[in-house]
>>> print(open('work37.cif').read())   # mmCIF, C-alpha atoms and all ligand atoms
data_start
loop_
_atom_site.label_atom_id
_atom_site.label_comp_id
_atom_site.auth_asym_id
_atom_site.auth_seq_id
_atom_site.Cartn_x
_atom_site.Cartn_y
_atom_site.Cartn_z
CA GLU B 123 123.30 200.32 199.07
CA VAL B 124 121.69 196.98 199.88
CA LEU B 125 118.34 198.64 200.47
CA ALA B 126 118.54 200.52 197.17
CA ASP B 127 119.39 197.24 195.46
CA GLN B 128 116.40 195.59 197.04
CA ILE B 129 114.13 198.37 195.84
CA ALA B 130 115.54 198.05 192.33
CA ALA B 131 115.03 194.30 192.64
CA GLY B 132 111.34 195.00 193.12
CA GLU B 133 111.22 196.16 189.53
CA VAL B 134 113.59 193.73 187.89
CA ILE B 135 113.13 190.56 189.90
CA GLU B 136 109.49 189.67 190.39
CA ARG B 137 109.75 185.92 190.36
CA PRO B 138 112.06 183.00 189.54
CA ALA B 139 111.32 183.40 185.82
CA SER B 140 112.69 186.95 185.86
CA ILE B 141 115.94 185.65 187.34
CA VAL B 142 116.24 183.03 184.63
CA LYS B 143 115.57 185.69 182.01
CA GLU B 144 118.17 188.13 183.33
CA LEU B 145 120.86 185.50 183.83
CA VAL B 146 120.37 183.83 180.46
CA GLU B 147 120.37 187.23 178.74
CA ASN B 148 123.69 187.94 180.44
CA SER B 149 125.04 184.64 179.12
CA VAL B 150 123.83 185.54 175.62
CA ASP B 151 125.42 188.98 175.90
CA ALA B 152 128.67 187.25 176.86
CA HIS B 153 128.69 185.37 173.52
CA SER B 154 127.99 181.98 175.03
CA ARG B 155 127.56 179.05 172.64
CA GLN B 156 126.18 176.75 175.32
CA ILE B 157 123.89 177.69 178.20
CA ASP B 158 122.64 175.17 180.74
CA ILE B 159 119.71 176.16 182.92
CA ILE B 160 119.23 173.97 185.98
CA VAL B 161 116.27 174.68 188.22
CA GLU B 162 115.15 172.95 191.39
CA ASN B 163 111.60 173.21 192.70
CA SER B 164 110.49 175.95 190.30
CA GLY B 165 113.30 178.19 191.53
CA PHE B 166 112.06 178.14 195.10
CA ASP B 167 115.09 175.96 195.89
CA SER B 168 117.65 177.07 193.33
CA ILE B 169 118.49 178.32 189.86
CA ARG B 170 121.84 177.60 188.26
CA ILE B 171 123.03 178.90 184.90
CA ILE B 172 126.26 177.61 183.39
CA ASP B 173 127.66 179.23 180.28
CA ASP B 174 130.81 179.09 178.21
CA GLY B 175 130.86 182.80 177.46
CA ASP B 176 133.42 185.55 177.92
CA GLY B 177 133.47 185.29 181.70
CA ILE B 178 134.27 188.22 183.95
CA GLU B 179 137.80 189.38 184.60
CA SER B 180 138.68 189.06 188.29
CA ASP B 181 139.11 192.84 188.64
CA ASP B 182 135.59 193.40 187.32
CA VAL B 183 133.64 190.95 189.44
CA PHE B 184 132.81 193.41 192.23
CA THR B 185 131.74 196.00 189.70
CA ALA B 186 129.39 193.53 188.05
CA PHE B 187 127.47 193.34 191.34
CA LYS B 188 127.26 197.12 191.72
CA ARG B 189 124.21 198.88 190.44
CA HIS B 190 124.38 200.78 187.13
CA ALA B 191 127.98 199.71 186.73
CA THR B 192 127.31 198.23 183.33
CA SER B 193 129.37 199.53 180.47
CA LYS B 194 127.18 197.82 177.93
CA ILE B 195 124.95 200.70 177.05
CA SER B 196 124.80 204.43 177.18
CA SER B 197 121.13 205.06 176.58
CA ARG B 198 117.88 203.20 176.87
CA GLN B 199 117.44 203.47 173.13
CA ASP B 200 120.35 201.06 172.84
CA LEU B 201 118.18 198.43 174.43
CA PHE B 202 117.02 197.18 171.09
CA LYS B 203 120.40 196.97 169.49
CA VAL B 204 121.26 193.41 168.57
CA ALA B 205 124.56 193.43 170.40
CA SER B 206 123.31 193.55 173.95
CA LEU B 207 120.24 192.44 175.82
CA GLY B 208 121.26 193.92 179.17
CA PHE B 209 120.83 197.60 179.59
CA ARG B 210 120.73 198.92 183.09
CA GLY B 211 123.26 197.02 185.13
CA GLU B 212 120.63 196.16 187.69
CA ALA B 213 120.09 192.46 187.39
CA LEU B 214 123.06 191.02 189.25
CA PRO B 215 122.99 193.43 192.22
CA SER B 216 119.21 193.04 192.43
CA ILE B 217 119.32 189.26 192.46
CA ALA B 218 122.19 189.20 194.95
CA SER B 219 120.32 191.56 197.28
CA VAL B 220 117.32 189.24 197.67
CA SER B 221 118.93 185.80 197.54
CA ASP B 222 122.15 183.87 198.01
CA VAL B 223 124.29 183.94 194.87
CA THR B 224 127.51 182.12 194.18
CA MET B 225 129.30 182.93 190.96
CA ILE B 226 132.35 181.21 189.57
CA THR B 227 133.65 182.99 186.54
CA SER B 228 136.74 183.17 184.41
CA ASN B 229 137.74 184.73 181.13
CA GLY B 230 139.97 181.72 180.51
CA THR B 231 143.28 183.50 180.78
CA ASP B 232 143.59 185.18 184.18
CA SER B 233 142.81 183.22 187.30
CA GLY B 234 139.09 182.84 187.84
CA THR B 235 136.98 184.15 190.70
CA GLU B 236 134.49 182.66 193.09
CA ILE B 237 132.23 185.07 194.89
CA ASN B 238 129.33 184.44 197.25
CA ILE B 239 126.92 187.25 198.07
CA ARG B 240 123.98 186.74 200.39
CA GLY B 241 121.39 189.47 200.86
CA GLY B 242 123.83 191.92 199.34
CA GLU B 243 126.67 191.05 201.73
CA ILE B 244 129.87 189.56 200.38
CA ILE B 245 130.37 186.28 202.23
CA LYS B 246 133.22 184.83 200.23
CA HIS B 247 135.64 185.99 197.57
CA SER B 248 138.45 183.81 196.34
CA VAL B 249 140.45 182.60 193.38
CA ALA B 250 138.84 179.76 191.44
CA ALA B 251 139.42 177.46 188.49
CA VAL B 252 140.10 178.73 185.00
CA ARG B 253 137.34 177.09 182.95
CA GLN B 254 136.20 179.86 180.64
CA GLY B 255 132.67 181.04 181.29
CA THR B 256 130.36 181.70 184.16
CA ASP B 257 128.57 179.39 186.55
CA ILE B 258 126.04 181.21 188.70
CA PHE B 259 124.05 179.50 191.42
CA MET B 260 121.15 181.22 193.20
CA LYS B 261 119.32 179.86 196.23
CA ASP B 262 117.10 181.15 199.04
CA LEU B 263 115.20 183.58 196.81
CA PHE B 264 113.51 186.35 198.85
CA PHE B 265 114.80 184.89 202.14
CA ASN B 266 115.18 188.46 203.46
CA THR B 267 112.01 189.89 201.89
CA PRO B 268 109.30 187.50 203.12
CA ALA B 269 106.50 189.72 201.82
CA ARG B 270 107.78 189.19 198.29
CA LEU B 271 108.07 185.48 198.84
CA LYS B 272 104.39 185.41 199.68
CA TYR B 273 103.52 186.96 196.31
CA LEU B 274 104.91 184.01 194.42
CA LYS B 275 102.37 181.64 192.93
CA SER B 276 102.24 177.88 193.14
CA PRO B 277 105.29 175.87 192.05
CA GLN B 278 103.38 174.78 188.93
CA THR B 279 102.63 178.37 187.94
CA GLU B 280 106.17 179.55 188.60
CA LEU B 281 107.54 176.62 186.60
CA ALA B 282 105.20 177.44 183.71
CA GLN B 283 106.51 181.01 183.76
CA ILE B 284 110.12 179.81 183.72
CA THR B 285 109.40 177.37 180.91
CA ASP B 286 107.72 180.12 178.92
CA ILE B 287 110.66 182.48 179.26
CA VAL B 288 113.18 179.73 178.44
CA ASP B 289 111.18 178.89 175.31
CA ARG B 290 111.24 182.50 174.15
CA LEU B 291 114.96 182.82 174.88
CA ALA B 292 115.62 179.64 172.89
CA LEU B 293 113.47 180.90 169.99
CA GLY B 294 115.36 184.18 169.99
CA ASN B 295 118.74 182.47 170.07
CA PRO B 296 118.70 179.42 167.80
CA ASP B 297 122.47 179.69 167.43
CA VAL B 298 122.99 179.01 171.14
CA ALA B 299 122.74 175.47 172.49
CA ILE B 300 120.40 175.66 175.44
CA THR B 301 119.39 172.99 177.91
CA PHE B 302 116.74 173.39 180.55
CA THR B 303 116.54 170.87 183.37
CA HIS B 304 113.97 170.93 186.16
CA ASN B 305 114.27 168.58 189.15
CA GLN B 306 116.71 166.43 187.13
CA HIS B 307 114.26 166.16 184.20
CA GLU B 308 115.38 167.59 180.91
CA ILE B 309 112.63 169.86 179.61
CA LEU B 310 114.36 171.40 176.61
CA ARG B 311 117.51 170.86 174.59
CA THR B 312 118.38 172.85 171.49
CA ALA B 313 121.26 172.15 169.13
CA GLY B 314 122.57 175.67 168.78
CA ASN B 315 123.01 175.22 165.03
CA GLY B 316 121.01 178.31 164.10
CA ASN B 317 118.07 176.26 162.80
CA LEU B 318 115.00 178.07 164.13
CA GLN B 319 112.68 175.42 162.72
CA GLN B 320 114.37 172.79 164.86
CA VAL B 321 113.99 174.95 167.96
CA ILE B 322 110.29 175.37 167.21
CA ALA B 323 110.01 171.61 166.78
CA ALA B 324 111.76 170.99 170.11
CA ILE B 325 109.49 173.39 171.96
CA TYR B 326 106.12 172.75 170.37
CA GLY B 327 106.55 169.12 169.46
CA ILE B 328 105.98 169.70 165.79
CA SER B 329 107.42 166.60 164.18
CA ASN B 330 106.59 167.31 160.57
CA ALA B 331 108.67 170.22 159.31
CA ARG B 332 106.04 170.99 156.68
CA GLN B 333 103.58 172.05 159.33
CA MET B 334 105.46 175.34 159.51
CA VAL B 335 106.04 177.72 156.60
CA TYR B 336 108.84 180.20 156.24
CA PHE B 337 108.04 183.83 155.49
CA GLU B 338 109.98 186.99 154.91
CA ASN B 339 109.28 190.53 153.83
CA GLU B 340 111.00 193.88 154.04
CA ASP B 341 110.69 197.54 153.27
CA ALA B 342 112.85 200.58 153.95
CA ASP B 343 112.22 200.45 157.71
CA PHE B 344 111.65 196.82 158.64
CA ARG B 345 112.72 193.33 157.80
CA VAL B 346 110.58 190.44 159.03
CA THR B 347 111.43 186.75 158.86
CA GLY B 348 110.08 183.70 160.60
CA TYR B 349 108.02 180.57 160.63
CA THR B 350 104.32 180.22 161.05
CA SER B 351 102.11 177.16 161.18
CA LEU B 352 99.80 176.05 158.40
CA PRO B 353 96.16 177.08 158.98
CA ALA B 354 95.31 173.57 160.16
CA VAL B 355 98.00 173.61 162.85
CA THR B 356 96.62 175.85 165.56
CA ARG B 357 96.41 176.28 169.29
CA ALA B 358 93.72 177.59 171.59
CA SER B 359 95.93 180.37 172.94
CA ARG B 360 97.89 183.18 171.39
CA GLN B 361 100.84 182.50 173.65
CA TYR B 362 102.34 180.33 170.90
CA ILE B 363 103.03 183.51 168.98
CA THR B 364 106.50 184.88 169.66
CA ILE B 365 107.45 188.33 168.46
CA LEU B 366 111.13 189.25 168.63
CA ILE B 367 112.51 192.68 167.92
CA ASN B 368 116.20 192.54 167.18
CA ARG B 369 116.16 189.17 168.98
CA ARG B 370 114.47 190.49 172.10
CA TYR B 371 111.12 188.95 172.97
CA ILE B 372 108.37 191.55 173.19
CA ARG B 373 104.61 191.75 173.44
CA ASN B 374 102.56 193.87 171.14
CA TYR B 375 98.84 193.48 170.63
CA GLN B 376 98.60 195.06 167.20
CA LEU B 377 101.40 193.00 165.71
CA THR B 378 99.83 189.85 167.12
CA ARG B 379 96.62 190.89 165.36
CA SER B 380 98.59 191.34 162.12
CA ILE B 381 99.87 187.78 162.31
CA ILE B 382 96.35 186.48 162.77
CA GLN B 383 95.16 188.76 159.99
CA GLY B 384 97.66 187.09 157.66
CA TYR B 385 95.50 183.95 157.84
CA GLY B 386 92.34 185.77 156.76
CA SER B 387 89.36 183.45 157.11
CA LYS B 388 91.56 180.35 157.10
CA LEU B 389 91.85 180.42 160.88
CA MET B 390 88.95 179.15 162.96
CA VAL B 391 87.58 181.57 165.51
CA GLY B 392 89.35 181.18 168.84
CA ARG B 393 92.30 179.40 167.26
CA TYR B 394 95.80 180.84 166.91
CA PRO B 395 98.83 179.83 164.90
CA ILE B 396 102.24 178.90 166.20
CA SER B 397 104.44 181.70 164.94
CA VAL B 398 107.90 183.00 165.54
CA ILE B 399 108.65 186.31 163.95
CA ASN B 400 111.93 188.18 163.95
CA ILE B 401 111.62 191.88 163.27
CA GLU B 402 114.77 193.79 162.47
CA LEU B 403 114.54 197.53 162.76
CA ASP B 404 116.48 200.61 163.69
CA PRO B 405 116.16 200.91 167.50
CA ILE B 406 115.11 204.50 166.99
CA LEU B 407 111.71 203.17 165.89
CA VAL B 408 111.03 201.54 169.25
CA ASP B 409 109.21 203.59 171.84
CA VAL B 410 111.42 203.29 174.89
CA ASN B 411 109.04 205.17 177.14
CA VAL B 412 107.24 201.94 177.83
CA HIS B 413 108.87 200.08 180.69
CA PRO B 414 111.22 197.55 179.09
CA ALA B 415 110.88 194.94 181.83
CA LYS B 416 107.19 194.70 181.04
CA ARG B 417 108.06 193.67 177.49
CA GLU B 418 105.15 195.67 176.08
CA VAL B 419 106.59 198.00 173.48
CA ARG B 420 105.21 200.46 171.01
CA ILE B 421 106.73 200.92 167.62
CA SER B 422 106.63 203.88 165.28
CA LYS B 423 105.04 203.10 161.94
CA GLU B 424 103.26 200.20 163.58
CA ASP B 425 100.54 200.11 160.91
CA GLN B 426 103.14 199.86 158.18
CA LEU B 427 104.91 197.06 160.03
CA GLY B 428 101.64 195.26 160.70
CA GLN B 429 100.80 195.36 157.00
CA LEU B 430 104.24 194.02 156.12
CA ILE B 431 103.73 191.11 158.50
CA ALA B 432 100.20 190.30 157.37
CA THR B 433 101.25 190.31 153.71
CA ALA B 434 104.28 188.12 154.39
CA LEU B 435 102.18 185.47 156.10
CA GLN B 436 99.39 185.67 153.59
CA GLU B 437 101.74 185.04 150.67
CA SER B 438 103.61 182.20 152.33
CA ILE B 439 100.45 180.44 153.41
CA ALA B 440 98.86 180.88 149.95
CA GLN B 441 101.95 179.44 148.31
CA GLU B 442 101.93 176.43 150.59
CA ASN B 443 98.35 175.64 149.67
CA LEU B 444 98.95 175.58 145.92
P1 LIG I 501 123.66 194.42 182.46
O1 LIG I 501 123.38 193.10 181.83
O2 LIG I 501 122.52 195.35 182.34
O3 LIG I 501 124.96 195.00 182.05
P2 LIG I 501 123.77 192.88 184.89
O4 LIG I 501 123.57 193.24 186.29
O5 LIG I 501 122.82 191.89 184.29
O6 LIG I 501 123.74 194.20 184.04
O7 LIG I 501 125.25 192.35 184.71
C1 LIG I 501 126.30 193.20 185.12
C2 LIG I 501 127.56 192.90 184.34
O8 LIG I 501 128.12 191.65 184.75
C3 LIG I 501 127.36 192.76 182.86
O9 LIG I 501 127.43 194.01 182.23
C4 LIG I 501 128.52 191.88 182.45
O10 LIG I 501 129.69 192.66 182.25
C5 LIG I 501 128.74 191.01 183.65
N1 LIG I 501 128.13 189.68 183.52
C6 LIG I 501 126.98 189.26 184.10
N2 LIG I 501 126.71 187.99 183.78
C7 LIG I 501 127.71 187.57 182.96
C8 LIG I 501 128.01 186.34 182.29
N3 LIG I 501 127.22 185.26 182.37
N4 LIG I 501 129.15 186.29 181.55
C9 LIG I 501 129.95 187.37 181.44
N5 LIG I 501 129.72 188.55 182.04
C10 LIG I 501 128.61 188.66 182.80
MG MG I 502 121.94 191.80 182.36
#
>>> encode(input="work37.cif", output="structure tokens", more="lines below")
Ligand code: ADP
Ligand code: MG
Amino acid sequence: EVLADQIAAGEVIERPASIVKELVENSVDAHSRQIDIIVENSGFDSIRIIDDGDGIESDDVFTAFKRHATSKISSRQDLFKVASLGFRGEALPSIASVSDVTMITSNGTDSGTEINIRGGEIIKHSVAAVRQGTDIFMKDLFFNTPARLKYLKSPQTELAQITDIVDRLALGNPDVAITFTHNQHEILRTAGNGNLQQVIAAIYGISNARQMVYFENEDADFRVTGYTSLPAVTRASRQYITILINRRYIRNYQLTRSIIQGYGSKLMVGRYPISVINIELDPILVDVNVHPAKREVRISKEDQLGQLIATALQESIAQENL
């Protein structure tokens, strides 16, 4: 069992940032309103996520750490349904098989649970306080898989990866109050009031709200909404473009091109806008044959969607320049 979990962990848990992603997505799935992410030494020392979500019933805690035990989803197609970001029931067992995890969780009514699993072995299991939500603390990442530890990059690079994933999670969940603290320094704090523009401001330091324009467009298959920067407000990298499908952050080259295309000749060569785009679609239109953990997805009717996006941006930007 532990070995199988470790092998699965090889796919799901590549680095500290993947742990942050999986744990925060679990907190989102559990309807949390507040999620605090506390990282020490780029995750090499520890990662702690505290949420005020549904918590896990004491009877279900063991199951949560068993592989494929999730009841969230029945098929991979469901992955892109709004309701749930988790899909395979692999994250918790994977993380617990390659690190030391302590979880304190309660649904607020029954007695809570504290469980400590190290390298897949249950070290401690006891009754805990009744604060509703989940507090999960991970340390000693890859202590029992030294080869994997060696593959990690420098603390700066790993921190950049964590920061990037936290940013995308915050952009995808403006209605959740998120804090991110690294080595006691607060890196990000969002209000959780649903205001995407404020989240963009917090992340990219855009002080003047008018530097971003709102856009929306829809047809029979897609609805796109979001904010994009005015042609003068650009960056030297396309990583400031965030594409979300049903709130899940994805990467897609053609859609990124469509966003850029929306600017026509207004964008200098080598410059990219800051954009956050939410695409709502029927999950049936997402090609699930591409590995979901890689975040590269293909979409049916991609040309049609790309055109919808380009037109939306074009019109909003033109309007702003009147
Ligand atoms: P998945 O998210 O694919 O279901 P995970 O391994 O990530 O699988 O989590 C296993 C299960 O543990 C989840 O389905 C959920 O029931 C429970 N769980 C994990 N994290 C939390 C959390 N923060 N709050 C409430 N329940 C959680
Ligand atoms: Mg999950």
>>> residues_around(input="work37.cif", residues="region 319-327 of chain B", least_positions_apart="2", cutoff="8 Å", atoms="all atoms listed in the file", output="MDAnalysis selection string")
chainID B and resid 289 292:293 296 310:313 317 329 331 334 349
>>> residues_around(input="work37.cif", residues="region 223-229 of chain B", least_positions_apart="2", cutoff="6 Å", atoms="all atoms listed in the file", output="PyMOL selection string")
chain B and resi 176-179+218+231+234-239+252+254-260
>>> write_last_selection(input="work37.cif", atoms="C-alpha atoms", output="mmCIF file, keeping the file's coordinate frame")
data_model
loop_
_atom_site.group_PDB
_atom_site.id
_atom_site.type_symbol
_atom_site.label_atom_id
_atom_site.label_comp_id
_atom_site.auth_asym_id
_atom_site.auth_seq_id
_atom_site.Cartn_x
_atom_site.Cartn_y
_atom_site.Cartn_z
ATOM 1 C CA ASP B 176 133.420 185.550 177.920
ATOM 2 C CA GLY B 177 133.470 185.290 181.700
ATOM 3 C CA ILE B 178 134.270 188.220 183.950
ATOM 4 C CA GLU B 179 137.800 189.380 184.600
ATOM 5 C CA ALA B 218 122.190 189.200 194.950
ATOM 6 C CA THR B 231 143.280 183.500 180.780
ATOM 7 C CA GLY B 234 139.090 182.840 187.840
ATOM 8 C CA THR B 235 136.980 184.150 190.700
ATOM 9 C CA GLU B 236 134.490 182.660 193.090
ATOM 10 C CA ILE B 237 132.230 185.070 194.890
ATOM 11 C CA ASN B 238 129.330 184.440 197.250
ATOM 12 C CA ILE B 239 126.920 187.250 198.070
ATOM 13 C CA VAL B 252 140.100 178.730 185.000
ATOM 14 C CA GLN B 254 136.200 179.860 180.640
ATOM 15 C CA GLY B 255 132.670 181.040 181.290
ATOM 16 C CA THR B 256 130.360 181.700 184.160
ATOM 17 C CA ASP B 257 128.570 179.390 186.550
ATOM 18 C CA ILE B 258 126.040 181.210 188.700
ATOM 19 C CA PHE B 259 124.050 179.500 191.420
ATOM 20 C CA MET B 260 121.150 181.220 193.200
#
>>> residues_around(input="work37.cif", residues="region 336-345 of chain B", least_positions_apart="6", cutoff="6 Å", atoms="only C-alpha atoms", output="VMD selection string")
chain B and resid 401 to 403 434 438
>>> closest_residue(input="work37.cif", among="B:Leu435, B:Val142, B:Val419, B:Ile406", to="Leu281 (chain B)", atoms="all atoms listed in the file")
B:Val142
>>> axis_aligned_box(input="work37.cif", around="region 372-389 of chain B", padding_each_side="8 Å", output="AutoDock Vina command-line options")
--center_x 98.9 --center_y 187.7 --center_z 165.1 --size_x 35.0 --size_y 30.7 --size_z 32.7
>>> atom_distance(input="work37.cif", atom1="atom P2 of ligand LIG 501 (chain I)", atom2="CA of Ser180 (chain B)")
15.8 Å
>>> atom_distance(input="work37.cif", atom1="CA of Gly428 (chain B)", atom2="CA of Arg373 (chain B)")
13.5 Å
>>> atom_distance(input="work37.cif", atom1="CA of Arg370 (chain B)", atom2="CA of Val408 (chain B)")
11.9 Å
>>> closest_residue(input="work37.cif", among="B:Gly392, B:Gly211, B:Gly242, B:Gly165", to="Asp127 (chain B)", atoms="only C-alpha atoms")
B:Gly242
